[in-house]
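**Q** This is query_12.cif (mmCIF, N, CA and C atoms).
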```cif
data_target
loop_
_atom_site.group_PDB
_atom_site.id
_atom_site.type_symbol
_atom_site.label_atom_id
_atom_site.label_comp_id
_atom_site.auth_asym_id
_atom_site.auth_seq_id
_atom_site.Cartn_x
_atom_site.Cartn_y
_atom_site.Cartn_z
ATOM 1 N N MET A 1 92.413 105.258 90.818
ATOM 2 C CA MET A 1 92.482 103.806 90.939
ATOM 3 C C MET A 1 92.155 103.426 92.383
ATOM 4 N N ARG A 2 91.108 102.660 92.561
ATOM 5 C CA ARG A 2 90.626 102.328 93.901
ATOM 6 C C ARG A 2 91.551 101.403 94.672
ATOM 7 N N ILE A 3 92.364 100.623 93.988
ATOM 8 C CA ILE A 3 93.229 99.665 94.680
ATOM 9 C C ILE A 3 94.212 100.376 95.620
ATOM 10 N N ARG A 4 94.614 101.591 95.285
ATOM 11 C CA ARG A 4 95.577 102.315 96.114
ATOM 12 C C ARG A 4 95.006 102.669 97.481
ATOM 13 N N LYS A 5 93.691 102.853 97.544
ATOM 14 C CA LYS A 5 93.069 103.198 98.821
ATOM 15 C C LYS A 5 93.300 102.111 99.860
ATOM 16 N N TRP A 6 93.331 100.867 99.414
ATOM 17 C CA TRP A 6 93.438 99.742 100.326
ATOM 18 C C TRP A 6 94.784 99.044 100.233
ATOM 19 N N SER A 7 95.824 99.781 99.855
ATOM 20 C CA SER A 7 97.146 99.166 99.799
ATOM 21 C C SER A 7 98.191 100.141 100.327
ATOM 22 N N GLY A 8 99.326 99.595 100.711
ATOM 23 C CA GLY A 8 100.429 100.400 101.203
ATOM 24 C C GLY A 8 101.291 99.585 102.153
ATOM 25 N N THR A 9 102.438 100.154 102.502
ATOM 26 C CA THR A 9 103.261 99.518 103.522
ATOM 27 C C THR A 9 102.542 99.686 104.853
ATOM 28 N N PHE A 10 102.976 98.997 105.867
ATOM 29 C CA PHE A 10 102.327 99.121 107.167
ATOM 30 C C PHE A 10 102.395 100.565 107.678
ATOM 31 N N ASP A 11 103.524 101.251 107.453
ATOM 32 C CA ASP A 11 103.639 102.653 107.872
ATOM 33 C C ASP A 11 102.633 103.533 107.129
ATOM 34 N N GLU A 12 102.498 103.301 105.825
ATOM 35 C CA GLU A 12 101.542 104.078 105.031
ATOM 36 C C GLU A 12 100.109 103.819 105.491
ATOM 37 N N LEU A 13 99.796 102.567 105.768
ATOM 38 C CA LEU A 13 98.456 102.223 106.238
ATOM 39 C C LEU A 13 98.181 102.839 107.605
ATOM 40 N N GLU A 14 99.184 102.858 108.460
ATOM 41 C CA GLU A 14 99.030 103.478 109.783
ATOM 42 C C GLU A 14 98.747 104.976 109.633
ATOM 43 N N ARG A 15 99.447 105.638 108.706
ATOM 44 C CA ARG A 15 99.199 107.060 108.457
ATOM 45 C C ARG A 15 97.803 107.286 107.871
ATOM 46 N N LYS A 16 97.367 106.415 106.975
ATOM 47 C CA LYS A 16 96.019 106.527 106.409
ATOM 48 C C LYS A 16 94.972 106.391 107.505
ATOM 49 N N LYS A 17 95.193 105.443 108.394
ATOM 50 C CA LYS A 17 94.261 105.219 109.500
ATOM 51 C C LYS A 17 94.170 106.467 110.380
ATOM 52 N N ALA A 18 95.314 107.053 110.707
ATOM 53 C CA ALA A 18 95.334 108.254 111.546
ATOM 54 C C ALA A 18 94.618 109.411 110.843
ATOM 55 N N LYS A 19 94.808 109.526 109.540
ATOM 56 C CA LYS A 19 94.158 110.588 108.774
ATOM 57 C C LYS A 19 92.640 110.412 108.787
ATOM 58 N N LEU A 20 92.169 109.174 108.627
ATOM 59 C CA LEU A 20 90.738 108.897 108.671
ATOM 60 C C LEU A 20 90.160 109.225 110.046
ATOM 61 N N GLU A 21 90.892 108.871 111.095
ATOM 62 C CA GLU A 21 90.423 109.139 112.458
ATOM 63 C C GLU A 21 90.359 110.637 112.739
ATOM 64 N N ARG A 22 91.351 111.394 112.226
ATOM 65 C CA ARG A 22 91.332 112.857 112.397
ATOM 66 C C ARG A 22 90.135 113.473 111.678
ATOM 67 N N ALA A 23 89.854 113.001 110.473
ATOM 68 C CA ALA A 23 88.723 113.527 109.707
ATOM 69 C C ALA A 23 87.407 113.237 110.427
ATOM 70 N N SER A 24 87.283 112.046 110.987
ATOM 71 C CA SER A 24 86.087 111.676 111.735
ATOM 72 C C SER A 24 85.923 112.576 112.965
ATOM 73 N N LYS A 25 87.013 112.839 113.635
ATOM 74 C CA LYS A 25 86.983 113.689 114.828
ATOM 75 C C LYS A 25 86.594 115.128 114.463
ATOM 76 N N ARG A 26 87.082 115.609 113.304
ATOM 77 C CA ARG A 26 86.743 116.971 112.874
ATOM 78 C C ARG A 26 85.242 117.113 112.610
ATOM 79 N N ILE A 27 84.612 116.069 112.122
ATOM 80 C CA ILE A 27 83.163 116.119 111.891
ATOM 81 C C ILE A 27 82.436 116.342 113.211
ATOM 82 N N ILE A 28 82.826 115.614 114.239
ATOM 83 C CA ILE A 28 82.203 115.772 115.562
ATOM 84 C C ILE A 28 82.471 117.169 116.113
ATOM 85 N N GLU A 29 83.699 117.636 115.986
ATOM 86 C CA GLU A 29 84.035 118.971 116.484
ATOM 87 C C GLU A 29 83.228 120.047 115.768
ATOM 88 N N ARG A 30 83.020 119.881 114.465
ATOM 89 C CA ARG A 30 82.240 120.856 113.708
ATOM 90 C C ARG A 30 80.793 120.877 114.212
ATOM 91 N N HIS A 31 80.246 119.722 114.494
ATOM 92 C CA HIS A 31 78.875 119.659 114.993
ATOM 93 C C HIS A 31 78.758 120.289 116.371
ATOM 94 N N GLN A 32 79.750 120.099 117.196
ATOM 95 C CA GLN A 32 79.704 120.682 118.531
ATOM 96 C C GLN A 32 79.794 122.203 118.476
ATOM 97 N N SER A 33 80.536 122.727 117.488
ATOM 98 C CA SER A 33 80.689 124.181 117.402
ATOM 99 C C SER A 33 79.536 124.833 116.641
ATOM 100 N N GLN A 34 78.764 124.063 115.877
ATOM 101 C CA GLN A 34 77.659 124.602 115.087
ATOM 102 C C GLN A 34 76.387 123.831 115.400
ATOM 103 N N ASP A 35 75.857 124.037 116.585
ATOM 104 C CA ASP A 35 74.689 123.273 117.033
ATOM 105 C C ASP A 35 73.446 123.494 116.184
ATOM 106 N N GLY A 36 73.339 124.608 115.470
ATOM 107 C CA GLY A 36 72.120 124.918 114.730
ATOM 108 C C GLY A 36 72.071 124.367 113.312
ATOM 109 N N LEU A 37 72.850 123.352 113.013
ATOM 110 C CA LEU A 37 72.868 122.794 111.661
ATOM 111 C C LEU A 37 71.561 122.071 111.345
ATOM 112 N N GLY A 38 71.193 122.083 110.071
ATOM 113 C CA GLY A 38 69.971 121.404 109.643
ATOM 114 C C GLY A 38 70.108 119.903 109.733
ATOM 115 N N ASP A 39 68.956 119.230 109.839
ATOM 116 C CA ASP A 39 68.944 117.772 109.975
ATOM 117 C C ASP A 39 69.593 117.066 108.793
ATOM 118 N N GLU A 40 69.348 117.579 107.585
ATOM 119 C CA GLU A 40 69.908 116.951 106.387
ATOM 120 C C GLU A 40 71.439 117.020 106.408
ATOM 121 N N PHE A 41 71.970 118.164 106.819
ATOM 122 C CA PHE A 41 73.414 118.338 106.898
ATOM 123 C C PHE A 41 74.007 117.417 107.958
ATOM 124 N N ILE A 42 73.340 117.313 109.088
ATOM 125 C CA ILE A 42 73.807 116.451 110.172
ATOM 126 C C ILE A 42 73.800 114.995 109.731
ATOM 127 N N GLU A 43 72.722 114.581 109.084
ATOM 128 C CA GLU A 43 72.612 113.196 108.622
ATOM 129 C C GLU A 43 73.716 112.858 107.622
ATOM 130 N N GLN A 44 73.970 113.776 106.713
ATOM 131 C CA GLN A 44 75.027 113.564 105.714
ATOM 132 C C GLN A 44 76.392 113.443 106.389
ATOM 133 N N ASP A 45 76.668 114.318 107.333
ATOM 134 C CA ASP A 45 77.949 114.270 108.046
ATOM 135 C C ASP A 45 78.098 112.991 108.864
ATOM 136 N N LEU A 46 77.018 112.552 109.486
ATOM 137 C CA LEU A 46 77.092 111.333 110.292
ATOM 138 C C LEU A 46 77.336 110.108 109.415
ATOM 139 N N LYS A 47 76.764 110.103 108.212
ATOM 140 C CA LYS A 47 77.045 109.013 107.278
ATOM 141 C C LYS A 47 78.513 109.028 106.876
ATOM 142 N N GLN A 48 79.057 110.228 106.628
ATOM 143 C CA GLN A 48 80.460 110.348 106.265
ATOM 144 C C GLN A 48 81.346 109.894 107.420
ATOM 145 N N LYS A 49 80.995 110.272 108.649
ATOM 146 C CA LYS A 49 81.770 109.865 109.821
ATOM 147 C C LYS A 49 81.762 108.341 109.955
ATOM 148 N N GLU A 50 80.590 107.738 109.751
ATOM 149 C CA GLU A 50 80.471 106.282 109.848
ATOM 150 C C GLU A 50 81.360 105.598 108.800
ATOM 151 N N LYS A 51 81.381 106.145 107.614
ATOM 152 C CA LYS A 51 82.203 105.601 106.534
ATOM 153 C C LYS A 51 83.697 105.713 106.883
ATOM 154 N N LEU A 52 84.102 106.862 107.422
ATOM 155 C CA LEU A 52 85.494 107.054 107.833
ATOM 156 C C LEU A 52 85.876 106.087 108.951
ATOM 157 N N ASP A 53 84.993 105.947 109.927
ATOM 158 C CA ASP A 53 85.262 105.040 111.049
ATOM 159 C C ASP A 53 85.372 103.588 110.582
ATOM 160 N N LYS A 54 84.511 103.196 109.649
ATOM 161 C CA LYS A 54 84.524 101.831 109.128
ATOM 162 C C LYS A 54 85.834 101.562 108.376
ATOM 163 N N SER A 55 86.293 102.537 107.602
ATOM 164 C CA SER A 55 87.553 102.385 106.865
ATOM 165 C C SER A 55 88.740 102.284 107.820
ATOM 166 N N ALA A 56 88.751 103.133 108.854
ATOM 167 C CA ALA A 56 89.830 103.094 109.843
ATOM 168 C C ALA A 56 89.841 101.752 110.570
ATOM 169 N N GLU A 57 88.647 101.237 110.876
ATOM 170 C CA GLU A 57 88.549 99.942 111.560
ATOM 171 C C GLU A 57 89.060 98.814 110.665
ATOM 172 N N LYS A 58 88.770 98.904 109.377
ATOM 173 C CA LYS A 58 89.229 97.891 108.426
ATOM 174 C C LYS A 58 90.757 97.852 108.390
ATOM 175 N N ILE A 59 91.387 99.030 108.405
ATOM 176 C CA ILE A 59 92.845 99.100 108.412
ATOM 177 C C ILE A 59 93.390 98.556 109.728
ATOM 178 N N THR A 60 92.778 98.938 110.842
ATOM 179 C CA THR A 60 93.208 98.459 112.157
ATOM 180 C C THR A 60 93.160 96.938 112.228
ATOM 181 N N ASP A 61 92.060 96.360 111.760
ATOM 182 C CA ASP A 61 91.920 94.899 111.774
ATOM 183 C C ASP A 61 92.997 94.234 110.923
ATOM 184 N N PHE A 62 93.268 94.798 109.754
ATOM 185 C CA PHE A 62 94.285 94.235 108.871
ATOM 186 C C PHE A 62 95.665 94.279 109.537
ATOM 187 N N LEU A 63 96.016 95.436 110.106
ATOM 188 C CA LEU A 63 97.325 95.574 110.747
ATOM 189 C C LEU A 63 97.482 94.626 111.928
ATOM 190 N N ALA A 64 96.393 94.353 112.625
ATOM 191 C CA ALA A 64 96.440 93.468 113.794
ATOM 192 C C ALA A 64 96.546 91.994 113.409
ATOM 193 N N THR A 65 96.084 91.635 112.218
ATOM 194 C CA THR A 65 96.026 90.219 111.858
ATOM 195 C C THR A 65 97.051 89.793 110.805
ATOM 196 N N HIS A 66 97.852 90.726 110.306
ATOM 197 C CA HIS A 66 98.837 90.388 109.281
ATOM 198 C C HIS A 66 100.215 90.901 109.672
ATOM 199 N N LYS A 67 101.225 90.244 109.169
ATOM 200 C CA LYS A 67 102.600 90.675 109.392
ATOM 201 C C LYS A 67 103.069 91.470 108.186
ATOM 202 N N GLU A 68 103.959 92.418 108.452
ATOM 203 C CA GLU A 68 104.512 93.212 107.359
ATOM 204 C C GLU A 68 105.412 92.340 106.497
ATOM 205 N N LYS A 69 105.255 92.449 105.190
ATOM 206 C CA LYS A 69 106.068 91.676 104.259
ATOM 207 C C LYS A 69 107.279 92.503 103.850
ATOM 208 N N THR A 70 108.408 91.813 103.691
ATOM 209 C CA THR A 70 109.606 92.511 103.224
ATOM 210 C C THR A 70 110.061 91.880 101.914
ATOM 211 N N GLY A 71 110.662 92.718 101.087
ATOM 212 C CA GLY A 71 111.148 92.252 99.800
ATOM 213 C C GLY A 71 112.529 91.648 99.914
ATOM 214 N N SER A 72 113.093 91.330 98.777
ATOM 215 C CA SER A 72 114.400 90.668 98.754
ATOM 216 C C SER A 72 115.518 91.548 99.309
ATOM 217 N N LYS A 73 115.333 92.851 99.289
ATOM 218 C CA LYS A 73 116.351 93.774 99.806
ATOM 219 C C LYS A 73 116.077 94.183 101.246
ATOM 220 N N GLY A 74 115.095 93.547 101.860
ATOM 221 C CA GLY A 74 114.786 93.832 103.253
ATOM 222 C C GLY A 74 113.868 95.021 103.461
ATOM 223 N N LYS A 75 113.449 95.662 102.380
ATOM 224 C CA LYS A 75 112.552 96.810 102.501
ATOM 225 C C LYS A 75 111.107 96.311 102.560
ATOM 226 N N PRO A 76 110.254 97.023 103.320
ATOM 227 C CA PRO A 76 108.854 96.621 103.386
ATOM 228 C C PRO A 76 108.187 96.780 102.018
ATOM 229 N N ILE A 77 107.348 95.827 101.662
ATOM 230 C CA ILE A 77 106.596 95.943 100.420
ATOM 231 C C ILE A 77 105.138 96.233 100.754
ATOM 232 N N LYS A 78 104.443 96.771 99.790
ATOM 233 C CA LYS A 78 103.058 97.157 100.009
ATOM 234 C C LYS A 78 102.171 95.928 100.119
ATOM 235 N N SER A 79 101.226 96.034 101.011
ATOM 236 C CA SER A 79 100.219 94.994 101.185
ATOM 237 C C SER A 79 98.898 95.519 100.659
ATOM 238 N N ASN A 80 98.027 94.613 100.269
ATOM 239 C CA ASN A 80 96.697 94.964 99.794
ATOM 240 C C ASN A 80 95.703 94.431 100.819
ATOM 241 N N ILE A 81 94.946 95.321 101.428
ATOM 242 C CA ILE A 81 94.015 94.926 102.484
ATOM 243 C C ILE A 81 92.919 94.017 101.942
ATOM 244 N N THR A 82 92.382 94.343 100.770
ATOM 245 C CA THR A 82 91.271 93.557 100.241
ATOM 246 C C THR A 82 91.711 92.205 99.711
ATOM 247 N N ASP A 83 92.965 92.081 99.280
ATOM 248 C CA ASP A 83 93.508 90.815 98.784
ATOM 249 C C ASP A 83 94.954 90.705 99.259
ATOM 250 N N PRO A 84 95.173 90.277 100.509
ATOM 251 C CA PRO A 84 96.510 90.273 101.104
ATOM 252 C C PRO A 84 97.557 89.469 100.338
ATOM 253 N N GLU A 85 97.151 88.512 99.530
ATOM 254 C CA GLU A 85 98.113 87.684 98.803
ATOM 255 C C GLU A 85 98.585 88.351 97.504
ATOM 256 N N LYS A 86 97.927 89.420 97.127
ATOM 257 C CA LYS A 86 98.259 90.095 95.885
ATOM 258 C C LYS A 86 99.553 90.889 96.049
ATOM 259 N N PHE A 87 100.447 90.770 95.074
ATOM 260 C CA PHE A 87 101.720 91.482 95.107
ATOM 261 C C PHE A 87 101.520 92.890 94.577
ATOM 262 N N ILE A 88 101.998 93.874 95.312
ATOM 263 C CA ILE A 88 101.908 95.277 94.890
ATOM 264 C C ILE A 88 103.287 95.903 95.057
ATOM 265 N N GLY A 89 103.733 96.581 94.059
ATOM 266 C CA GLY A 89 104.993 97.300 94.174
ATOM 267 C C GLY A 89 106.048 96.789 93.231
ATOM 268 N N ASN A 90 107.152 97.481 93.251
ATOM 269 C CA ASN A 90 108.281 97.126 92.388
ATOM 270 C C ASN A 90 109.435 96.649 93.245
ATOM 271 N N GLU A 91 109.729 95.407 93.181
ATOM 272 C CA GLU A 91 110.849 94.840 93.942
ATOM 273 C C GLU A 91 111.954 94.398 93.022
ATOM 274 N N PHE A 92 111.907 94.812 91.785
ATOM 275 C CA PHE A 92 112.903 94.353 90.819
ATOM 276 C C PHE A 92 113.976 95.364 90.620
#
```
Could I get this file's structure written as structure tokens?
**A**
Amino acid sequence: MRIRKWSGTFDELERKKAKLERASKRIIERHQSQDGLGDEFIEQDLKQKEKLDKSAEKITDFLATHKEKTGSKGKPIKSNITDPEKFIGNEF
């Protein structure tokens, strides 16, 4: 389900962002350690890195422009990056 990729509590989103950034960094490290890679492999990896960076940036922008929502019991509820007004989670 694709909706889960773009939803979570602020802590979960922060962890997702860090994971994306680590994966992007590993791509660069792999290229530095294996200079003789073919052009096709390099191009594919760079596209993947760009995709990871774009996703991390999307999460960063969301966290910077929105406040964490809390439920009736004071616990943080999940937010949806693509549709911030959409309710996600069980607060009942």
**Q** DSSP on the backbone, strand (DSSP E or B) only: what residues of chain A does that give? Format it as number ranges by chain.
**A** A: 7-8, 70, 76, 78-80, 88
**Q** For the provided coordinates, the residues matched by the PyMOL selection byres (((chain A and resi 28 and name CA) around 12) and name CA) should be stated as a VMD selection string.
**A** chain A and resid 21 to 27 29 to 35 42 45 to 50
**Q** For those residues, write N, CA and C atoms to a file as an mmCIF file, keeping the file's coordinate frame.
**A**
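Everything below was put into again-v7.cif:
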```
data_model
loop_
_atom_site.group_PDB
_atom_site.id
_atom_site.type_symbol
_atom_site.label_atom_id
_atom_site.label_comp_id
_atom_site.auth_asym_id
_atom_site.auth_seq_id
_atom_site.Cartn_x
_atom_site.Cartn_y
_atom_site.Cartn_z
ATOM 1 N N GLU A 21 90.892 108.871 111.095
ATOM 2 C CA GLU A 21 90.423 109.139 112.458
ATOM 3 C C GLU A 21 90.359 110.637 112.739
ATOM 4 N N ARG A 22 91.351 111.394 112.226
ATOM 5 C CA ARG A 22 91.332 112.857 112.397
ATOM 6 C C ARG A 22 90.135 113.473 111.678
ATOM 7 N N ALA A 23 89.854 113.001 110.473
ATOM 8 C CA ALA A 23 88.723 113.527 109.707
ATOM 9 C C ALA A 23 87.407 113.237 110.427
ATOM 10 N N SER A 24 87.283 112.046 110.987
ATOM 11 C CA SER A 24 86.087 111.676 111.735
ATOM 12 C C SER A 24 85.923 112.576 112.965
ATOM 13 N N LYS A 25 87.013 112.839 113.635
ATOM 14 C CA LYS A 25 86.983 113.689 114.828
ATOM 15 C C LYS A 25 86.594 115.128 114.463
ATOM 16 N N ARG A 26 87.082 115.609 113.304
ATOM 17 C CA ARG A 26 86.743 116.971 112.874
ATOM 18 C C ARG A 26 85.242 117.113 112.610
ATOM 19 N N ILE A 27 84.612 116.069 112.122
ATOM 20 C CA ILE A 27 83.163 116.119 111.891
ATOM 21 C C ILE A 27 82.436 116.342 113.211
ATOM 22 N N GLU A 29 83.699 117.636 115.986
ATOM 23 C CA GLU A 29 84.035 118.971 116.484
ATOM 24 C C GLU A 29 83.228 120.047 115.768
ATOM 25 N N ARG A 30 83.020 119.881 114.465
ATOM 26 C CA ARG A 30 82.240 120.856 113.708
ATOM 27 C C ARG A 30 80.793 120.877 114.212
ATOM 28 N N HIS A 31 80.246 119.722 114.494
ATOM 29 C CA HIS A 31 78.875 119.659 114.993
ATOM 30 C C HIS A 31 78.758 120.289 116.371
ATOM 31 N N GLN A 32 79.750 120.099 117.196
ATOM 32 C CA GLN A 32 79.704 120.682 118.531
ATOM 33 C C GLN A 32 79.794 122.203 118.476
ATOM 34 N N SER A 33 80.536 122.727 117.488
ATOM 35 C CA SER A 33 80.689 124.181 117.402
ATOM 36 C C SER A 33 79.536 124.833 116.641
ATOM 37 N N GLN A 34 78.764 124.063 115.877
ATOM 38 C CA GLN A 34 77.659 124.602 115.087
ATOM 39 C C GLN A 34 76.387 123.831 115.400
ATOM 40 N N ASP A 35 75.857 124.037 116.585
ATOM 41 C CA ASP A 35 74.689 123.273 117.033
ATOM 42 C C ASP A 35 73.446 123.494 116.184
ATOM 43 N N ILE A 42 73.340 117.313 109.088
ATOM 44 C CA ILE A 42 73.807 116.451 110.172
ATOM 45 C C ILE A 42 73.800 114.995 109.731
ATOM 46 N N ASP A 45 76.668 114.318 107.333
ATOM 47 C CA ASP A 45 77.949 114.270 108.046
ATOM 48 C C ASP A 45 78.098 112.991 108.864
ATOM 49 N N LEU A 46 77.018 112.552 109.486
ATOM 50 C CA LEU A 46 77.092 111.333 110.292
ATOM 51 C C LEU A 46 77.336 110.108 109.415
ATOM 52 N N LYS A 47 76.764 110.103 108.212
ATOM 53 C CA LYS A 47 77.045 109.013 107.278
ATOM 54 C C LYS A 47 78.513 109.028 106.876
ATOM 55 N N GLN A 48 79.057 110.228 106.628
ATOM 56 C CA GLN A 48 80.460 110.348 106.265
ATOM 57 C C GLN A 48 81.346 109.894 107.420
ATOM 58 N N LYS A 49 80.995 110.272 108.649
ATOM 59 C CA LYS A 49 81.770 109.865 109.821
ATOM 60 C C LYS A 49 81.762 108.341 109.955
ATOM 61 N N GLU A 50 80.590 107.738 109.751
ATOM 62 C CA GLU A 50 80.471 106.282 109.848
ATOM 63 C C GLU A 50 81.360 105.598 108.800
#
```
**Q** Just checking: using all atoms listed in the file, which residue out of A:Ser55, A:Thr65, A:Phe41, A:Lys73 ends up closest to Lys16 (chain A)?
**A**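 The closest residue to Lys16 (chain A) is A:Ser55.
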**Q** Step one, run DSSP on the backbone; step two, keep only residues of chain A assigned to helix (DSSP H, G or I); then write them as a PyMOL selection string.
**A** chain A and resi 2-6+10-33+39-65
**Q** Just the number, please: distance in Å from atom N of Lys58 (chain A) to atom C of Gly38 (chain A), one decimal.
**A**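 About the pair atom N of Lys58 (chain A) and atom C of Gly38 (chain A): they are 28.1 Å apart.
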**Q** Which polymer residues have any atom within 10 Å of an atom of Leu13 (chain A), counting only C-alpha atoms, with same-chain residues fewer than 2 positions away left out, as a list in words?
**A** Lys5, Trp6, Ser7, Gly8, Thr9, Phe10, Asp11, Arg15, Lys16, Lys17, Ala18, Lys19, Ala56, Ile59, Thr60, Phe62, Leu63, Lys78, Ser79, Asn80 and Ile81 of chain A
**Q** Expressed in Å to a single decimal, how great is the separation between CA of Thr70 (chain A) and CA of Pro84 (chain A)?
**A**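 Separation between CA of Thr70 (chain A) and CA of Pro84 (chain A): 13.5 Å.
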**Q** Please indicate the distance in Å from atom N of Ile77 (chain A) to atom N of Ala64 (chain A), rounded to one decimal place.
**A** 15.6 Å
